[in-house]
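As provided, work38.pdb (PDB, C-alpha atoms) reads as follows.
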```
ATOM      1  CA  MET A   1      16.058  -0.120   5.690  1.00  0.00           C
ATOM      2  CA  SER A   2      13.955  -3.240   6.173  1.00  0.00           C
ATOM      3  CA  VAL A   3      11.147  -4.284   3.863  1.00  0.00           C
ATOM      4  CA  TYR A   4       8.666  -3.394   6.593  1.00  0.00           C
ATOM      5  CA  ASP A   5      10.145   0.104   6.836  1.00  0.00           C
ATOM      6  CA  GLN A   6       9.880   0.446   3.065  1.00  0.00           C
ATOM      7  CA  ILE A   7       6.240  -0.669   3.170  1.00  0.00           C
ATOM      8  CA  SER A   8       5.491   1.830   5.930  1.00  0.00           C
ATOM      9  CA  SER A   9       7.145   4.606   3.899  1.00  0.00           C
ATOM     10  CA  CYS A  10       5.024   3.726   0.870  1.00  0.00           C
ATOM     11  CA  CYS A  11       1.901   3.851   3.029  1.00  0.00           C
ATOM     12  CA  SER A  12       2.866   7.318   4.250  1.00  0.00           C
ATOM     13  CA  ARG A  13       3.362   8.514   0.692  1.00  0.00           C
ATOM     14  CA  ILE A  14      -0.005   7.017  -0.332  1.00  0.00           C
ATOM     15  CA  GLU A  15      -1.709   8.883   2.493  1.00  0.00           C
ATOM     16  CA  LYS A  16      -0.110  12.169   1.405  1.00  0.00           C
ATOM     17  CA  ALA A  17      -0.525  11.675  -2.358  1.00  0.00           C
ATOM     18  CA  ASP A  18      -2.534  14.260  -4.251  1.00  0.00           C
ATOM     19  CA  THR A  19      -2.918  12.522  -7.589  1.00  0.00           C
ATOM     20  CA  LYS A  20      -3.958   9.078  -8.743  1.00  0.00           C
ATOM     21  CA  GLU A  21      -0.589   8.703 -10.485  1.00  0.00           C
ATOM     22  CA  ASP A  22       1.251   9.263  -7.206  1.00  0.00           C
ATOM     23  CA  VAL A  23      -0.933   6.719  -5.438  1.00  0.00           C
ATOM     24  CA  LEU A  24      -0.528   4.126  -8.192  1.00  0.00           C
ATOM     25  CA  ARG A  25       3.248   4.575  -8.275  1.00  0.00           C
ATOM     26  CA  GLU A  26       3.440   3.794  -4.544  1.00  0.00           C
ATOM     27  CA  VAL A  27       1.011   0.889  -4.845  1.00  0.00           C
ATOM     28  CA  ASP A  28       3.232  -0.625  -7.549  1.00  0.00           C
ATOM     29  CA  LYS A  29       6.192  -0.359  -5.165  1.00  0.00           C
ATOM     30  CA  LEU A  30       4.160  -2.069  -2.436  1.00  0.00           C
ATOM     31  CA  ASP A  31       3.252  -4.872  -4.805  1.00  0.00           C
ATOM     32  CA  ASN A  32       6.941  -5.392  -5.572  1.00  0.00           C
ATOM     33  CA  TYR A  33       7.780  -5.687  -1.870  1.00  0.00           C
ATOM     34  CA  ALA A  34       5.362  -8.615  -1.589  1.00  0.00           C
ATOM     35  CA  SER A  35       7.999 -10.878  -3.142  1.00  0.00           C
ATOM     36  CA  TYR A  36      10.047 -10.473   0.051  1.00  0.00           C
ATOM     37  CA  LEU A  37       7.217 -11.631   2.336  1.00  0.00           C
ATOM     38  CA  ASN A  38       5.798 -14.976   3.337  1.00  0.00           C
ATOM     39  CA  ALA A  39       2.936 -16.245   1.184  1.00  0.00           C
ATOM     40  CA  ASP A  40       0.108 -15.231   3.529  1.00  0.00           C
ATOM     41  CA  LYS A  41       1.272 -11.646   4.011  1.00  0.00           C
ATOM     42  CA  ALA A  42       2.160 -11.310   0.332  1.00  0.00           C
ATOM     43  CA  GLN A  43      -1.332 -12.400  -0.697  1.00  0.00           C
ATOM     44  CA  ARG A  44      -2.952  -9.979   1.762  1.00  0.00           C
ATOM     45  CA  LEU A  45      -0.709  -7.154   0.569  1.00  0.00           C
ATOM     46  CA  HIS A  46      -1.704  -7.874  -3.054  1.00  0.00           C
ATOM     47  CA  ILE A  47      -5.378  -7.717  -2.053  1.00  0.00           C
ATOM     48  CA  TYR A  48      -4.921  -4.336  -0.343  1.00  0.00           C
ATOM     49  CA  CYS A  49      -3.013  -3.035  -3.363  1.00  0.00           C
ATOM     50  CA  ASP A  50      -5.778  -4.173  -5.705  1.00  0.00           C
ATOM     51  CA  ASN A  51      -8.356  -2.490  -3.474  1.00  0.00           C
ATOM     52  CA  ILE A  52      -6.451   0.794  -3.628  1.00  0.00           C
ATOM     53  CA  ARG A  53      -6.085   0.553  -7.419  1.00  0.00           C
ATOM     54  CA  LYS A  54      -9.852   0.172  -7.763  1.00  0.00           C
ATOM     55  CA  LEU A  55     -10.554   3.283  -5.694  1.00  0.00           C
ATOM     56  CA  ASN A  56     -11.027   6.697  -7.106  1.00  0.00           C
ATOM     57  CA  VAL A  57      -8.373   8.903  -5.507  1.00  0.00           C
ATOM     58  CA  ASP A  58     -11.155  11.369  -4.712  1.00  0.00           C
ATOM     59  CA  VAL A  59     -12.187   8.850  -2.068  1.00  0.00           C
ATOM     60  CA  LYS A  60      -9.213   9.912   0.040  1.00  0.00           C
ATOM     61  CA  SER A  61     -10.551   8.523   3.307  1.00  0.00           C
ATOM     62  CA  GLU A  62     -10.855   4.999   1.891  1.00  0.00           C
ATOM     63  CA  THR A  63      -7.375   5.184   0.357  1.00  0.00           C
ATOM     64  CA  ILE A  64      -6.031   6.149   3.785  1.00  0.00           C
ATOM     65  CA  ASN A  65      -8.015   3.320   5.425  1.00  0.00           C
ATOM     66  CA  GLN A  66      -6.476   0.800   3.028  1.00  0.00           C
ATOM     67  CA  SER A  67      -2.930   2.055   3.657  1.00  0.00           C
ATOM     68  CA  GLN A  68      -3.520   1.938   7.428  1.00  0.00           C
ATOM     69  CA  SER A  69      -4.724  -1.639   7.071  1.00  0.00           C
ATOM     70  CA  ILE A  70      -1.471  -2.478   5.294  1.00  0.00           C
ATOM     71  CA  ARG A  71       0.489  -0.941   8.189  1.00  0.00           C
ATOM     72  CA  LYS A  72      -1.488  -3.032  10.702  1.00  0.00           C
ATOM     73  CA  LEU A  73      -0.688  -6.155   8.720  1.00  0.00           C
ATOM     74  CA  PHE A  74       2.995  -5.611   9.491  1.00  0.00           C
ATOM     75  CA  SER A  75       2.848  -4.290  13.039  1.00  0.00           C
TER      76      SER A  75
END
```
Represent the supplied structure as structure tokens.
Amino acid sequence: MSVYDQISSCCSRIEKADTKEDVLREVDKLDNYASYLNADKAQRLHIYCDNIRKLNVDVKSETINQSQSIRKLFS
């Protein structure tokens, strides 16, 4: 599975997550995948991850928006 496939899988799990712990676990995985990317995409991925970490999981729509933005970054 490519890094992009792994990132997409993490985004799917973020969108389906019910708890903040689940979301944060997937965001940590995304952050780790950044080391396999070029500098520009890695920096943007880190920014999206930080944005998700700052959100309250109760704001589900914004969490989903952030994960969809990550997907668009790699499509």
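With CA of Lys72 in chain A on one side and CA of Arg53 in chain A on the other, the separation reads 19.0 Å.
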In Å, how far is it from CA of Ser2 in chain A to CA of Tyr33 in chain A?
10.4 Å
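When all atoms listed in the file are used to compute distances to Ala42 in chain A, the closest of the residues A:Gln68, A:Asp18, A:Val3, A:Glu62 turns out to be A:Val3.
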Result set of the PyMOL selection byres ((chain A and resi 35-41) around 12) on the coordinates above, as an mmCIF file with C-alpha atoms, keeping the file's coordinate frame:
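As a result, selection06.cif now contains:
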```cif
data_model
loop_
_atom_site.group_PDB
_atom_site.id
_atom_site.type_symbol
_atom_site.label_atom_id
_atom_site.label_comp_id
_atom_site.auth_asym_id
_atom_site.auth_seq_id
_atom_site.Cartn_x
_atom_site.Cartn_y
_atom_site.Cartn_z
ATOM 1 C CA SER A 2 13.955 -3.240 6.173
ATOM 2 C CA VAL A 3 11.147 -4.284 3.863
ATOM 3 C CA TYR A 4 8.666 -3.394 6.593
ATOM 4 C CA GLN A 6 9.880 0.446 3.065
ATOM 5 C CA ILE A 7 6.240 -0.669 3.170
ATOM 6 C CA LYS A 29 6.192 -0.359 -5.165
ATOM 7 C CA LEU A 30 4.160 -2.069 -2.436
ATOM 8 C CA ASP A 31 3.252 -4.872 -4.805
ATOM 9 C CA ASN A 32 6.941 -5.392 -5.572
ATOM 10 C CA TYR A 33 7.780 -5.687 -1.870
ATOM 11 C CA ALA A 34 5.362 -8.615 -1.589
ATOM 12 C CA ALA A 42 2.160 -11.310 0.332
ATOM 13 C CA GLN A 43 -1.332 -12.400 -0.697
ATOM 14 C CA ARG A 44 -2.952 -9.979 1.762
ATOM 15 C CA LEU A 45 -0.709 -7.154 0.569
ATOM 16 C CA HIS A 46 -1.704 -7.874 -3.054
ATOM 17 C CA ILE A 47 -5.378 -7.717 -2.053
ATOM 18 C CA TYR A 48 -4.921 -4.336 -0.343
ATOM 19 C CA ILE A 70 -1.471 -2.478 5.294
ATOM 20 C CA ARG A 71 0.489 -0.941 8.189
ATOM 21 C CA LYS A 72 -1.488 -3.032 10.702
ATOM 22 C CA LEU A 73 -0.688 -6.155 8.720
ATOM 23 C CA PHE A 74 2.995 -5.611 9.491
ATOM 24 C CA SER A 75 2.848 -4.290 13.039
#
```
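Between Ile52 in chain A and the candidates A:Cys10, A:Ala17, A:Met1, A:Leu24, the tightest atom-to-atom separation, counting all atoms listed in the file, involves A:Leu24.
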Given 8 Å of margin on each side, can you work out the centre and size in Å (one decimal) of an axis-aligned box holding every listed atom of range 65-69 of chain A, as JSON?
```
{"center_x": -5.5, "center_y": 0.8, "center_z": 5.2, "size_x": 21.1, "size_y": 21.0, "size_z": 20.4}
```
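Distance-wise, CA of Cys11 in chain A and CA of Leu55 in chain A end up 15.2 Å apart.
Nearest residue to Lys60 in chain A, choosing from A:Glu21, A:Asp5, A:Glu15, A:Glu26 and counting all atoms listed in the file: A:Glu15.
You can rank A:Asp50, A:Ser67, A:Ser61, A:Asp28 by their closest distance to Ser12 in chain A using all atoms listed in the file, and at the top of that list sits A:Ser67.
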